[in-house]
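Coordinates as given in data29.cif (mmCIF, C-alpha atoms and all ligand atoms; chains and numbers go by the auth columns):
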data_protein
loop_
_atom_site.group_PDB
_atom_site.id
_atom_site.type_symbol
_atom_site.label_atom_id
_atom_site.label_comp_id
_atom_site.label_asym_id
_atom_site.label_seq_id
_atom_site.Cartn_x
_atom_site.Cartn_y
_atom_site.Cartn_z
_atom_site.B_iso_or_equiv
_atom_site.auth_seq_id
_atom_site.auth_asym_id
ATOM 1 C CA MET A 1 9.810 -4.571 -22.747 0.00 1 A
ATOM 2 C CA HIS A 2 7.112 -4.219 -20.064 0.00 2 A
ATOM 3 C CA ALA A 3 8.306 -1.953 -17.224 0.00 3 A
ATOM 4 C CA SER A 4 7.558 -4.587 -14.591 0.00 4 A
ATOM 5 C CA ARG A 5 10.243 -6.892 -16.081 0.00 5 A
ATOM 6 C CA ASN A 6 13.986 -6.313 -16.039 0.00 6 A
ATOM 7 C CA GLN A 7 16.336 -6.599 -19.033 0.00 7 A
ATOM 8 C CA SER A 8 16.594 -10.361 -18.729 0.00 8 A
ATOM 9 C CA GLY A 9 12.810 -10.631 -18.648 0.00 9 A
ATOM 10 C CA ALA A 10 12.563 -11.482 -14.941 0.00 10 A
ATOM 11 C CA ALA A 11 9.890 -9.769 -12.858 0.00 11 A
ATOM 12 C CA VAL A 12 11.146 -6.618 -11.107 0.00 12 A
ATOM 13 C CA PRO A 13 11.390 -7.412 -7.362 0.00 13 A
ATOM 14 C CA VAL A 14 8.858 -5.895 -4.979 0.00 14 A
ATOM 15 C CA ILE A 15 8.888 -5.758 -1.187 0.00 15 A
ATOM 16 C CA THR A 16 5.507 -5.003 0.318 0.00 16 A
ATOM 17 C CA VAL A 17 5.028 -3.332 3.712 0.00 17 A
ATOM 18 C CA ASP A 18 1.405 -3.427 4.864 0.00 18 A
ATOM 19 C CA GLY A 19 -0.226 -2.514 8.138 0.00 19 A
ATOM 20 C CA PRO A 20 -2.632 -0.162 9.923 0.00 20 A
ATOM 21 C CA SER A 21 -2.019 3.563 10.317 0.00 21 A
ATOM 22 C CA GLY A 22 0.562 4.412 12.953 0.00 22 A
ATOM 23 C CA SER A 23 2.397 1.109 12.534 0.00 23 A
ATOM 24 C CA GLY A 24 5.417 3.012 11.171 0.00 24 A
ATOM 25 C CA LYS A 25 5.239 1.416 7.713 0.00 25 A
ATOM 26 C CA GLY A 26 5.810 4.737 5.906 0.00 26 A
ATOM 27 C CA THR A 27 9.090 5.534 7.673 0.00 27 A
ATOM 28 C CA ILE A 28 10.360 1.957 7.435 0.00 28 A
ATOM 29 C CA SER A 29 9.482 1.812 3.723 0.00 29 A
ATOM 30 C CA GLN A 30 11.287 5.080 3.003 0.00 30 A
ATOM 31 C CA CYS A 31 14.415 3.896 4.862 0.00 31 A
ATOM 32 C CA LEU A 32 14.303 0.597 3.002 0.00 32 A
ATOM 33 C CA ALA A 33 13.886 2.288 -0.381 0.00 33 A
ATOM 34 C CA GLU A 34 16.844 4.574 0.373 0.00 34 A
ATOM 35 C CA LYS A 35 19.072 1.736 1.569 0.00 35 A
ATOM 36 C CA LEU A 36 18.312 -0.432 -1.471 0.00 36 A
ATOM 37 C CA GLY A 37 18.121 2.463 -3.961 0.00 37 A
ATOM 38 C CA TRP A 38 14.656 1.242 -4.997 0.00 38 A
ATOM 39 C CA HIS A 39 11.479 3.168 -5.827 0.00 39 A
ATOM 40 C CA HIS A 40 8.859 3.742 -3.130 0.00 40 A
ATOM 41 C CA LEU A 41 5.106 3.636 -3.607 0.00 41 A
ATOM 42 C CA ASP A 42 3.077 5.174 -0.761 0.00 42 A
ATOM 43 C CA SER A 43 -0.272 3.790 -1.905 0.00 43 A
ATOM 44 C CA GLY A 44 -2.108 5.550 0.932 0.00 44 A
ATOM 45 C CA ALA A 45 -1.122 8.843 -0.740 0.00 45 A
ATOM 46 C CA LEU A 46 -3.076 7.792 -3.866 0.00 46 A
ATOM 47 C CA TYR A 47 -6.179 7.078 -1.787 0.00 47 A
ATOM 48 C CA ARG A 48 -5.703 10.345 0.113 0.00 48 A
ATOM 49 C CA LEU A 49 -5.160 12.279 -3.141 0.00 49 A
ATOM 50 C CA LEU A 50 -8.346 10.877 -4.634 0.00 50 A
ATOM 51 C CA ALA A 51 -10.314 11.747 -1.481 0.00 51 A
ATOM 52 C CA TYR A 52 -8.816 15.245 -1.385 0.00 52 A
ATOM 53 C CA ALA A 53 -9.628 15.869 -5.050 0.00 53 A
ATOM 54 C CA ALA A 54 -13.178 14.588 -4.459 0.00 54 A
ATOM 55 C CA LEU A 55 -13.652 16.936 -1.484 0.00 55 A
ATOM 56 C CA GLN A 56 -12.243 19.862 -3.505 0.00 56 A
ATOM 57 C CA GLN A 57 -14.543 19.157 -6.440 0.00 57 A
ATOM 58 C CA ALA A 58 -17.580 18.462 -4.242 0.00 58 A
ATOM 59 C CA VAL A 59 -17.834 14.884 -5.513 0.00 59 A
ATOM 60 C CA PRO A 60 -19.952 12.981 -2.946 0.00 60 A
ATOM 61 C CA LEU A 61 -17.862 10.265 -1.253 0.00 61 A
ATOM 62 C CA ASP A 62 -20.469 7.632 -2.106 0.00 62 A
ATOM 63 C CA ASP A 63 -20.888 8.547 -5.796 0.00 63 A
ATOM 64 C CA VAL A 64 -19.072 5.509 -7.182 0.00 64 A
ATOM 65 C CA ASP A 65 -19.227 6.474 -10.869 0.00 65 A
ATOM 66 C CA ALA A 66 -17.920 10.001 -10.292 0.00 66 A
ATOM 67 C CA LEU A 67 -15.146 8.692 -8.019 0.00 67 A
ATOM 68 C CA VAL A 68 -14.066 6.101 -10.589 0.00 68 A
ATOM 69 C CA GLN A 69 -13.984 8.812 -13.276 0.00 69 A
ATOM 70 C CA LEU A 70 -11.905 11.024 -10.988 0.00 70 A
ATOM 71 C CA ALA A 71 -9.523 8.147 -10.133 0.00 71 A
ATOM 72 C CA THR A 72 -9.079 7.354 -13.829 0.00 72 A
ATOM 73 C CA ARG A 73 -8.413 10.997 -14.652 0.00 73 A
ATOM 74 C CA LEU A 74 -5.884 11.315 -11.816 0.00 74 A
ATOM 75 C CA SER A 75 -4.116 8.105 -12.788 0.00 75 A
ATOM 76 C CA GLU A 76 -3.694 9.392 -16.341 0.00 76 A
ATOM 77 C CA THR A 77 -2.322 12.770 -15.365 0.00 77 A
ATOM 78 C CA TYR A 78 -0.732 12.541 -11.948 0.00 78 A
ATOM 79 C CA GLN A 79 2.903 11.690 -11.178 0.00 79 A
ATOM 80 C CA LEU A 80 3.715 10.640 -7.629 0.00 80 A
ATOM 81 C CA PRO A 81 6.657 12.472 -6.072 0.00 81 A
ATOM 82 C CA THR A 82 10.171 11.111 -6.431 0.00 82 A
ATOM 83 C CA ARG A 83 13.238 11.480 -4.202 0.00 83 A
ATOM 84 C CA GLU A 84 14.395 14.346 -6.458 0.00 84 A
ATOM 85 C CA HIS A 85 10.949 16.030 -6.498 0.00 85 A
ATOM 86 C CA PRO A 86 9.331 15.158 -3.154 0.00 86 A
ATOM 87 C CA ALA A 87 6.437 17.677 -3.172 0.00 87 A
ATOM 88 C CA ILE A 88 2.937 16.279 -3.812 0.00 88 A
ATOM 89 C CA MET A 89 1.486 18.685 -6.349 0.00 89 A
ATOM 90 C CA LEU A 90 -2.117 18.825 -7.516 0.00 90 A
ATOM 91 C CA GLY A 91 -3.258 21.486 -9.983 0.00 91 A
ATOM 92 C CA GLY A 92 -0.153 23.585 -9.224 0.00 92 A
ATOM 93 C CA GLU A 93 -0.767 23.412 -5.444 0.00 93 A
ATOM 94 C CA ASP A 94 1.486 21.609 -2.939 0.00 94 A
ATOM 95 C CA VAL A 95 -1.070 19.394 -1.163 0.00 95 A
ATOM 96 C CA GLY A 96 1.401 17.412 0.990 0.00 96 A
ATOM 97 C CA LEU A 97 0.158 18.831 4.306 0.00 97 A
ATOM 98 C CA ALA A 98 -3.521 18.813 3.339 0.00 98 A
ATOM 99 C CA LEU A 99 -3.308 15.082 2.559 0.00 99 A
ATOM 100 C CA ARG A 100 -2.034 14.298 6.066 0.00 100 A
ATOM 101 C CA THR A 101 -5.030 15.779 7.940 0.00 101 A
ATOM 102 C CA GLU A 102 -7.396 13.494 9.875 0.00 102 A
ATOM 103 C CA SER A 103 -10.354 14.655 7.743 0.00 103 A
ATOM 104 C CA CYS A 104 -8.555 13.610 4.546 0.00 104 A
ATOM 105 C CA ALA A 105 -7.598 10.232 6.110 0.00 105 A
ATOM 106 C CA GLU A 106 -11.213 9.731 7.119 0.00 106 A
ATOM 107 C CA ALA A 107 -12.466 10.501 3.591 0.00 107 A
ATOM 108 C CA ALA A 108 -9.764 8.247 2.083 0.00 108 A
ATOM 109 C CA SER A 109 -10.809 5.378 4.326 0.00 109 A
ATOM 110 C CA LYS A 110 -14.442 5.796 3.144 0.00 110 A
ATOM 111 C CA THR A 111 -13.675 5.910 -0.589 0.00 111 A
ATOM 112 C CA ALA A 112 -11.131 3.087 -0.204 0.00 112 A
ATOM 113 C CA ALA A 113 -13.953 0.803 0.942 0.00 113 A
ATOM 114 C CA LEU A 114 -15.550 0.941 -2.553 0.00 114 A
ATOM 115 C CA PRO A 115 -14.431 -2.043 -4.700 0.00 115 A
ATOM 116 C CA GLU A 116 -14.831 -0.057 -7.961 0.00 116 A
ATOM 117 C CA VAL A 117 -12.513 2.666 -6.649 0.00 117 A
ATOM 118 C CA ARG A 118 -9.907 0.079 -5.618 0.00 118 A
ATOM 119 C CA GLN A 119 -10.118 -1.509 -9.073 0.00 119 A
ATOM 120 C CA ALA A 120 -9.652 1.903 -10.728 0.00 120 A
ATOM 121 C CA LEU A 121 -6.436 2.453 -8.728 0.00 121 A
ATOM 122 C CA LEU A 122 -4.963 -1.011 -9.350 0.00 122 A
ATOM 123 C CA ALA A 123 -3.128 -0.468 -12.664 0.00 123 A
ATOM 124 C CA TRP A 124 -1.852 2.908 -11.466 0.00 124 A
ATOM 125 C CA GLN A 125 -0.200 1.270 -8.442 0.00 125 A
ATOM 126 C CA ARG A 126 1.301 -1.565 -10.507 0.00 126 A
ATOM 127 C CA HIS A 127 2.755 1.000 -12.878 0.00 127 A
ATOM 128 C CA TYR A 128 5.304 1.938 -10.167 0.00 128 A
ATOM 129 C CA ARG A 129 6.952 -1.478 -10.408 0.00 129 A
ATOM 130 C CA ARG A 130 10.155 -0.371 -12.125 0.00 130 A
ATOM 131 C CA VAL A 131 13.799 -1.462 -12.159 0.00 131 A
ATOM 132 C CA PRO A 132 15.736 -1.867 -9.946 0.00 132 A
ATOM 133 C CA GLY A 133 12.872 -2.629 -7.524 0.00 133 A
ATOM 134 C CA LEU A 134 9.903 -1.297 -5.585 0.00 134 A
ATOM 135 C CA ILE A 135 9.017 -0.921 -1.916 0.00 135 A
ATOM 136 C CA ALA A 136 5.215 -0.691 -1.802 0.00 136 A
ATOM 137 C CA ASP A 137 3.462 0.323 1.402 0.00 137 A
ATOM 138 C CA GLY A 138 -0.250 0.242 2.154 0.00 138 A
ATOM 139 C CA ARG A 139 -2.959 -2.150 3.294 0.00 139 A
ATOM 140 C CA ASP A 140 -3.284 -4.693 0.474 0.00 140 A
ATOM 141 C CA MET A 141 0.091 -4.533 -1.287 0.00 141 A
ATOM 142 C CA GLY A 142 0.960 -8.134 -0.409 0.00 142 A
ATOM 143 C CA THR A 143 -2.538 -9.601 -0.711 0.00 143 A
ATOM 144 C CA THR A 144 -3.909 -7.937 -3.871 0.00 144 A
ATOM 145 C CA VAL A 145 -1.657 -5.482 -5.690 0.00 145 A
ATOM 146 C CA PHE A 146 1.629 -7.420 -5.698 0.00 146 A
ATOM 147 C CA PRO A 147 0.745 -10.998 -4.666 0.00 147 A
ATOM 148 C CA ASP A 148 4.014 -12.225 -6.256 0.00 148 A
ATOM 149 C CA ALA A 149 6.202 -9.916 -4.095 0.00 149 A
ATOM 150 C CA THR A 150 9.641 -11.229 -3.134 0.00 150 A
ATOM 151 C CA LEU A 151 9.046 -10.344 0.512 0.00 151 A
ATOM 152 C CA LYS A 152 5.897 -9.322 2.374 0.00 152 A
ATOM 153 C CA ILE A 153 6.143 -7.508 5.691 0.00 153 A
ATOM 154 C CA TYR A 154 3.114 -6.803 7.887 0.00 154 A
ATOM 155 C CA LEU A 155 3.823 -4.178 10.547 0.00 155 A
ATOM 156 C CA THR A 156 1.442 -3.630 13.404 0.00 156 A
ATOM 157 C CA ALA A 157 1.156 -2.228 16.933 0.00 157 A
ATOM 158 C CA ARG A 158 -1.578 -2.017 19.553 0.00 158 A
ATOM 159 C CA PRO A 159 -4.212 0.699 18.739 0.00 159 A
ATOM 160 C CA GLU A 160 -3.450 2.759 21.868 0.00 160 A
ATOM 161 C CA VAL A 161 0.267 2.795 20.989 0.00 161 A
ATOM 162 C CA ARG A 162 -0.494 3.909 17.415 0.00 162 A
ATOM 163 C CA ALA A 163 -2.872 6.628 18.664 0.00 163 A
ATOM 164 C CA GLU A 164 -0.201 7.872 21.074 0.00 164 A
ATOM 165 C CA ARG A 165 2.355 8.088 18.242 0.00 165 A
ATOM 166 C CA ARG A 166 -0.110 10.169 16.242 0.00 166 A
ATOM 167 C CA TYR A 167 -0.825 12.302 19.324 0.00 167 A
ATOM 168 C CA ASN A 168 2.895 13.055 19.724 0.00 168 A
ATOM 169 C CA GLN A 169 3.311 13.841 16.008 0.00 169 A
ATOM 170 C CA LEU A 170 0.437 16.351 16.206 0.00 170 A
ATOM 171 C CA LYS A 171 1.725 17.803 19.493 0.00 171 A
ATOM 172 C CA ASN A 172 5.125 18.396 17.879 0.00 172 A
ATOM 173 C CA LYS A 173 3.329 20.387 15.190 0.00 173 A
ATOM 174 C CA GLY A 174 1.596 22.449 17.904 0.00 174 A
ATOM 175 C CA ILE A 175 -1.782 20.730 17.338 0.00 175 A
ATOM 176 C CA VAL A 176 -3.465 19.653 20.569 0.00 176 A
ATOM 177 C CA VAL A 177 -6.110 16.920 20.332 0.00 177 A
ATOM 178 C CA ASP A 178 -7.739 14.608 22.854 0.00 178 A
ATOM 179 C CA LEU A 179 -5.869 11.301 23.152 0.00 179 A
ATOM 180 C CA GLY A 180 -9.066 9.393 23.974 0.00 180 A
ATOM 181 C CA ASP A 181 -10.681 10.742 20.763 0.00 181 A
ATOM 182 C CA LEU A 182 -7.624 9.655 18.754 0.00 182 A
ATOM 183 C CA VAL A 183 -7.772 6.106 20.171 0.00 183 A
ATOM 184 C CA ARG A 184 -11.453 5.892 19.182 0.00 184 A
ATOM 185 C CA GLU A 185 -10.712 7.264 15.671 0.00 185 A
ATOM 186 C CA VAL A 186 -7.837 4.801 15.163 0.00 186 A
ATOM 187 C CA GLU A 187 -10.051 1.892 16.263 0.00 187 A
ATOM 188 C CA ALA A 188 -12.933 3.016 14.037 0.00 188 A
ATOM 189 C CA ARG A 189 -10.642 3.342 10.992 0.00 189 A
ATOM 190 C CA ASP A 190 -9.015 -0.040 11.703 0.00 190 A
ATOM 191 C CA LEU A 191 -12.452 -1.617 11.865 0.00 191 A
ATOM 192 C CA ARG A 192 -13.536 -0.003 8.577 0.00 192 A
ATOM 193 C CA ASP A 193 -10.286 -0.937 6.796 0.00 193 A
ATOM 194 C CA SER A 194 -10.254 -4.526 8.046 0.00 194 A
ATOM 195 C CA SER A 195 -13.956 -5.333 7.743 0.00 195 A
ATOM 196 C CA ARG A 196 -14.547 -4.044 4.191 0.00 196 A
ATOM 197 C CA LYS A 197 -15.267 -6.693 1.567 0.00 197 A
ATOM 198 C CA ALA A 198 -12.774 -5.440 -1.051 0.00 198 A
ATOM 199 C CA SER A 199 -9.116 -6.089 -0.143 0.00 199 A
ATOM 200 C CA PRO A 200 -9.483 -5.740 3.618 0.00 200 A
ATOM 201 C CA LEU A 201 -6.501 -4.860 5.760 0.00 201 A
ATOM 202 C CA MET A 202 -4.940 -8.196 6.720 0.00 202 A
ATOM 203 C CA PRO A 203 -1.565 -9.908 6.506 0.00 203 A
ATOM 204 C CA ALA A 204 -0.886 -12.011 3.403 0.00 204 A
ATOM 205 C CA GLU A 205 -0.596 -15.722 4.223 0.00 205 A
ATOM 206 C CA ASP A 206 3.121 -15.600 3.503 0.00 206 A
ATOM 207 C CA ALA A 207 3.812 -12.288 5.311 0.00 207 A
ATOM 208 C CA VAL A 208 6.413 -11.767 8.026 0.00 208 A
ATOM 209 C CA ILE A 209 4.369 -10.207 10.863 0.00 209 A
ATOM 210 C CA LEU A 210 6.154 -7.738 13.155 0.00 210 A
ATOM 211 C CA ASP A 211 4.452 -6.121 16.162 0.00 211 A
ATOM 212 C CA ASN A 212 6.494 -3.056 17.129 0.00 212 A
ATOM 213 C CA SER A 213 4.352 -1.847 20.089 0.00 213 A
ATOM 214 C CA ASP A 214 7.199 -2.237 22.555 0.00 214 A
ATOM 215 C CA GLN A 215 10.220 -1.282 20.493 0.00 215 A
ATOM 216 C CA ASP A 216 11.638 1.727 18.700 0.00 216 A
ATOM 217 C CA GLU A 217 11.935 2.349 14.964 0.00 217 A
ATOM 218 C CA SER A 218 15.612 1.381 14.736 0.00 218 A
ATOM 219 C CA ARG A 219 14.875 -2.104 16.142 0.00 219 A
ATOM 220 C CA THR A 220 12.028 -2.546 13.628 0.00 220 A
ATOM 221 C CA LEU A 221 14.306 -1.459 10.796 0.00 221 A
ATOM 222 C CA GLU A 222 16.914 -3.996 11.949 0.00 222 A
ATOM 223 C CA GLN A 223 14.306 -6.778 11.871 0.00 223 A
ATOM 224 C CA VAL A 224 13.052 -5.733 8.436 0.00 224 A
ATOM 225 C CA LEU A 225 16.614 -5.545 7.055 0.00 225 A
ATOM 226 C CA GLN A 226 17.274 -9.040 8.411 0.00 226 A
ATOM 227 C CA ALA A 227 14.170 -10.319 6.602 0.00 227 A
ATOM 228 C CA VAL A 228 15.328 -8.559 3.393 0.00 228 A
ATOM 229 C CA HIS A 229 18.805 -10.031 3.761 0.00 229 A
ATOM 230 C CA ASP A 230 17.282 -13.524 4.042 0.00 230 A
ATOM 231 C CA VAL A 231 15.545 -13.274 0.644 0.00 231 A
ATOM 232 C CA LEU A 232 17.684 -11.015 -1.558 0.00 232 A
HETATM 233 O O1 LIG B . -1.760 4.672 4.891 0.00 301 B
HETATM 234 P P1 LIG B . -2.647 5.896 4.931 0.00 301 B
HETATM 235 O O2 LIG B . -3.075 6.241 6.334 0.00 301 B
HETATM 236 O O3 LIG B . -2.055 7.053 4.195 0.00 301 B
HETATM 237 O O4 LIG B . -3.991 5.486 4.131 0.00 301 B
HETATM 238 C C1 LIG B . -5.115 6.339 4.033 0.00 301 B
HETATM 239 C C2 LIG B . -6.378 5.523 3.839 0.00 301 B
HETATM 240 O O5 LIG B . -6.325 4.870 2.564 0.00 301 B
HETATM 241 C C3 LIG B . -6.576 4.406 4.878 0.00 301 B
HETATM 242 O O6 LIG B . -7.673 4.684 5.730 0.00 301 B
HETATM 243 C C4 LIG B . -6.914 3.181 4.111 0.00 301 B
HETATM 244 C C5 LIG B . -6.732 3.516 2.664 0.00 301 B
HETATM 245 N N1 LIG B . -5.762 2.657 1.984 0.00 301 B
HETATM 246 C C6 LIG B . -6.204 1.483 1.470 0.00 301 B
HETATM 247 O O7 LIG B . -7.382 1.142 1.635 0.00 301 B
HETATM 248 N N2 LIG B . -5.360 0.682 0.763 0.00 301 B
HETATM 249 C C7 LIG B . -4.088 1.019 0.601 0.00 301 B
HETATM 250 N N3 LIG B . -3.286 0.218 -0.101 0.00 301 B
HETATM 251 C C8 LIG B . -3.590 2.222 1.168 0.00 301 B
HETATM 252 C C9 LIG B . -4.457 3.023 1.862 0.00 301 B
#

Using the file provided, produce a representation of the structure as C-alpha cells.
Ligand code: DC
Amino acid sequence: MHASRNQSGAAVPVITVDGPSGSGKGTISQCLAEKLGWHHLDSGALYRLLAYAALQQAVPLDDVDALVQLATRLSETYQLPTREHPAIMLGGEDVGLALRTESCAEAASKTAALPEVRQALLAWQRHYRRVPGLIADGRDMGTTVFPDATLKIYLTARPEVRAERRYNQLKNKGIVVDLGDLVREVEARDLRDSSRKASPLMPAEDAVILDNSDQDESRTLEQVLQAVHDVL
C-alpha cells in the first residue's frame, strides 16, 4: 500500500498552510498538528537545510547541478524531526538555530527560486503524507505540492507587521537589529518569493485567505479551527 493512501485506499488527508514569512504559519501549523494528532511538514526547513548544507560545502548558490545533487543526497539520507525527536540534526550537528538565521533564510530564498531545485525536493515533501494526516506549511503546498489537499489556508499580514514580529523575536533573544532594515529585507524576500517563475508564493484558487495583521495568534487559530471543522 502506498503511504499516501490509508487502509481503505483513500488518499491521506492534507491541510496546507501557506503564506509569507512572519505570517505565523509555522506556529499555527504546529498547533493544528498537535490538536489533530497529525504529522507536520515544515517545508521551509527543507529549503533552509539545503541552503545551509550548500553554504557549509561551499556549493555556489547558482550551481544548479550541484544543488540538485545535494538535494537528492539529502532527501535520501535525511529524516525531518518528529514530535518525539524535535532536534534538526545534520552530520551529527544540531543545526536548528543555524537554520533560523537571516543569512540562511536569504540563501534558502535564492536556491528556492531555481525550478530544478524545487523539482528535486518535490517527492521528498510528498513522502511526508502519512496516516492519519499531514499539516504542510510553506509557500506552494496548496498550489503545487498537495493540490488535492482537503483544506488550503493562506495566512498573511502586512509586511511592516511581519517585520515587527521578527524584530520582537530577535529582541527577545538579545539580538538587536534595525527595524527599517528588517522591513526592507521582508519586502525584498516577499518580492523574490512571489515573482519567481517556479511555484511562486500565492494563494491557491480554492484557499481560505486570512489576514492576521490586526489580531493575535489565538484568534487566528480559532479561525483556522473553524475552517477545519467545516471540512473534516
Ligand atoms: O518558511 P521559511 O521562512 O522557513 O522558508 C525559507 C525560504 O524557503 C523562503 O524564503 C522561501 C523558501 N520556501 C519555498 O520557496 N517554498 C516552500 N514551500 C517553503 C519555503

*Residues within 12 Å of (3.5, 13.6, -6.6), counting all atoms listed in the file, listed as a PyMOL selection string*: chain A and resi 40-43+45-46+48-49+74-75+77-96+99

*I need the residue set behind the PyMOL selection byres (((chain A and resi 180) around 12) and not hetatm) for this file; please write it as a PyMOL selection string.*
chain A and resi 159-161+163-164+166-167+177-179+181-187

*Close residues to ligand LIG 301 (chain B) using only C-alpha atoms and all ligand atoms, limit 7 Å, as a list of chain:residue names*: A:Ser21, A:Ser43, A:Gly44, A:Ala45, A:Tyr47, A:Arg48, A:Ala105, A:Glu106, A:Ala108, A:Ser109, A:Ala112, A:Ala113, A:Asp137, A:Gly138, A:Arg139, A:Asp140, A:Met141, A:Arg189, A:Asp193

*One decimal, Å: what's the distance from CA of Val176 in chain A over to CA of Leu50 in chain A, could you say?*
27.1 Å

*asked:* Which residues, named as in the file, does the PyMOL selection byres (((chain A and resi 71) around 8) and not hetatm) pick out? Answer as a list in words.
replied: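 Checking the PyMOL selection byres (((chain A and resi 71) around 8) and not hetatm) against this file, the residues are Leu50, Leu67, Val68, Gln69, Leu70, Thr72, Arg73, Leu74, Ser75, Val117, Ala120 and Leu121 of chain A.
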
*For Leu232 in chain A, which residue among A:Ala11, A:Ile28, A:Leu151, A:Leu55 is the nearest when counting all atoms listed in the file?*
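Of A:Ala11, A:Ile28, A:Leu151, A:Leu55, the one nearest Leu232 in chain A, counting all atoms listed in the file, is A:Leu151.
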
Hey, which bits of range 75-194 of chain A sit within 8 Å of range 204-209 of chain A, and for each residue what's the closest pair of atoms and how far apart in Å (one decimal), counting all atoms listed in the file, rows by chain and increasing number, as a tab-separated table?
residue	atom	partner	partner_atom	distance
A:Gly142	CA	A:Ala204	CA	5.7
A:Thr143	CA	A:Ala204	CA	5.0
A:Leu151	CA	A:Ala207	CA	7.4
A:Lys152	CA	A:Ala207	CA	4.7
A:Ile153	CA	A:Val208	CA	4.9
A:Tyr154	CA	A:Ile209	CA	4.7
A:Leu155	CA	A:Ile209	CA	6.1
A:Thr156	CA	A:Ile209	CA	7.6

*Contacts of Cys104 in chain A at 8 Å (only C-alpha atoms; same-chain gap of 6+ positions) as a list in words*: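 That gives Arg48, Ala51, Tyr52 and Ala98 of chain A.
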
*asked:* Here is a test: counting all atoms listed in the file, which residue of A:Arg158, A:Leu170, A:Glu222, A:Gly133 is nearest to Ala10 in chain A?
replied: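 Going through A:Arg158, A:Leu170, A:Glu222, A:Gly133 one by one, the smallest distance to Ala10 in chain A is for A:Gly133.
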
*Separation of CA of Asn168 in chain A and CA of Gln215 in chain A, in Å?*
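Between CA of Asn168 in chain A and CA of Gln215 in chain A the gap works out to 16.1 Å.
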
*Explicit residue set for the PyMOL selection byres (((chain A and resi 13) around 9) and not hetatm), as number ranges by chain*: A: 4-5, 10-12, 14-15, 129-135, 148-151

*Separation of CA of Gln119 in chain A and CA of Lys25 in chain A, in Å?*
22.9 Å

*With distances taken over only C-alpha atoms, which of A:Ala33, A:Leu61, A:Ala123, A:Leu97 is nearest to Val228 in chain A?*
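Answer, going by the shortest atom-to-atom distance: A:Ala33.
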
*With only C-alpha atoms as the basis for distance, which of A:Ala53, A:Trp124, A:Gln223, A:Cys31 is at the shortest distance from Val145 in chain A?*
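Checking each of A:Ala53, A:Trp124, A:Gln223, A:Cys31 against Val145 in chain A, counting only C-alpha atoms, the winner is A:Trp124.
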
Could you add the missing atoms to range 16-20 of chain A, up to all heavy atoms, and return them as a PDB file, keeping the file's coordinate frame?
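rebuild_9.pdb was written with the following content:
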ATOM      1  N   THR A  16       6.718  -5.687  -0.138  1.00  0.00           N
ATOM      2  CA  THR A  16       5.507  -5.003   0.318  1.00  0.00           C
ATOM      3  C   THR A  16       5.563  -4.803   1.837  1.00  0.00           C
ATOM      4  O   THR A  16       6.059  -5.667   2.566  1.00  0.00           O
ATOM      5  CB  THR A  16       4.237  -5.803  -0.038  1.00  0.00           C
ATOM      6  OG1 THR A  16       4.320  -7.112   0.533  1.00  0.00           O
ATOM      7  CG2 THR A  16       4.081  -5.928  -1.540  1.00  0.00           C
ATOM      8  N   VAL A  17       5.078  -3.634   2.273  1.00  0.00           N
ATOM      9  CA  VAL A  17       5.028  -3.332   3.712  1.00  0.00           C
ATOM     10  C   VAL A  17       3.596  -2.876   4.001  1.00  0.00           C
ATOM     11  O   VAL A  17       3.215  -1.753   3.671  1.00  0.00           O
ATOM     12  CB  VAL A  17       6.037  -2.223   4.095  1.00  0.00           C
ATOM     13  CG1 VAL A  17       6.066  -2.023   5.614  1.00  0.00           C
ATOM     14  CG2 VAL A  17       7.447  -2.558   3.600  1.00  0.00           C
ATOM     15  N   ASP A  18       2.796  -3.760   4.565  1.00  0.00           N
ATOM     16  CA  ASP A  18       1.405  -3.427   4.864  1.00  0.00           C
ATOM     17  C   ASP A  18       1.207  -3.274   6.365  1.00  0.00           C
ATOM     18  O   ASP A  18       2.026  -3.749   7.161  1.00  0.00           O
ATOM     19  CB  ASP A  18       0.484  -4.545   4.350  1.00  0.00           C
ATOM     20  CG  ASP A  18       0.358  -4.535   2.828  1.00  0.00           C
ATOM     21  OD1 ASP A  18       0.021  -3.466   2.279  1.00  0.00           O
ATOM     22  OD2 ASP A  18       0.609  -5.576   2.191  1.00  0.00           O
ATOM     23  N   GLY A  19       0.093  -2.636   6.719  1.00  0.00           N
ATOM     24  CA  GLY A  19      -0.226  -2.514   8.138  1.00  0.00           C
ATOM     25  C   GLY A  19      -1.158  -1.350   8.374  1.00  0.00           C
ATOM     26  O   GLY A  19      -1.392  -0.538   7.474  1.00  0.00           O
ATOM     27  N   PRO A  20      -1.708  -1.263   9.597  1.00  0.00           N
ATOM     28  CA  PRO A  20      -2.632  -0.162   9.923  1.00  0.00           C
ATOM     29  C   PRO A  20      -1.896   1.158  10.085  1.00  0.00           C
ATOM     30  O   PRO A  20      -0.661   1.181  10.163  1.00  0.00           O
ATOM     31  CB  PRO A  20      -3.240  -0.611  11.253  1.00  0.00           C
ATOM     32  CG  PRO A  20      -2.207  -1.503  11.862  1.00  0.00           C
ATOM     33  CD  PRO A  20      -1.491  -2.174  10.726  1.00  0.00           C
TER      34      PRO A  20
END
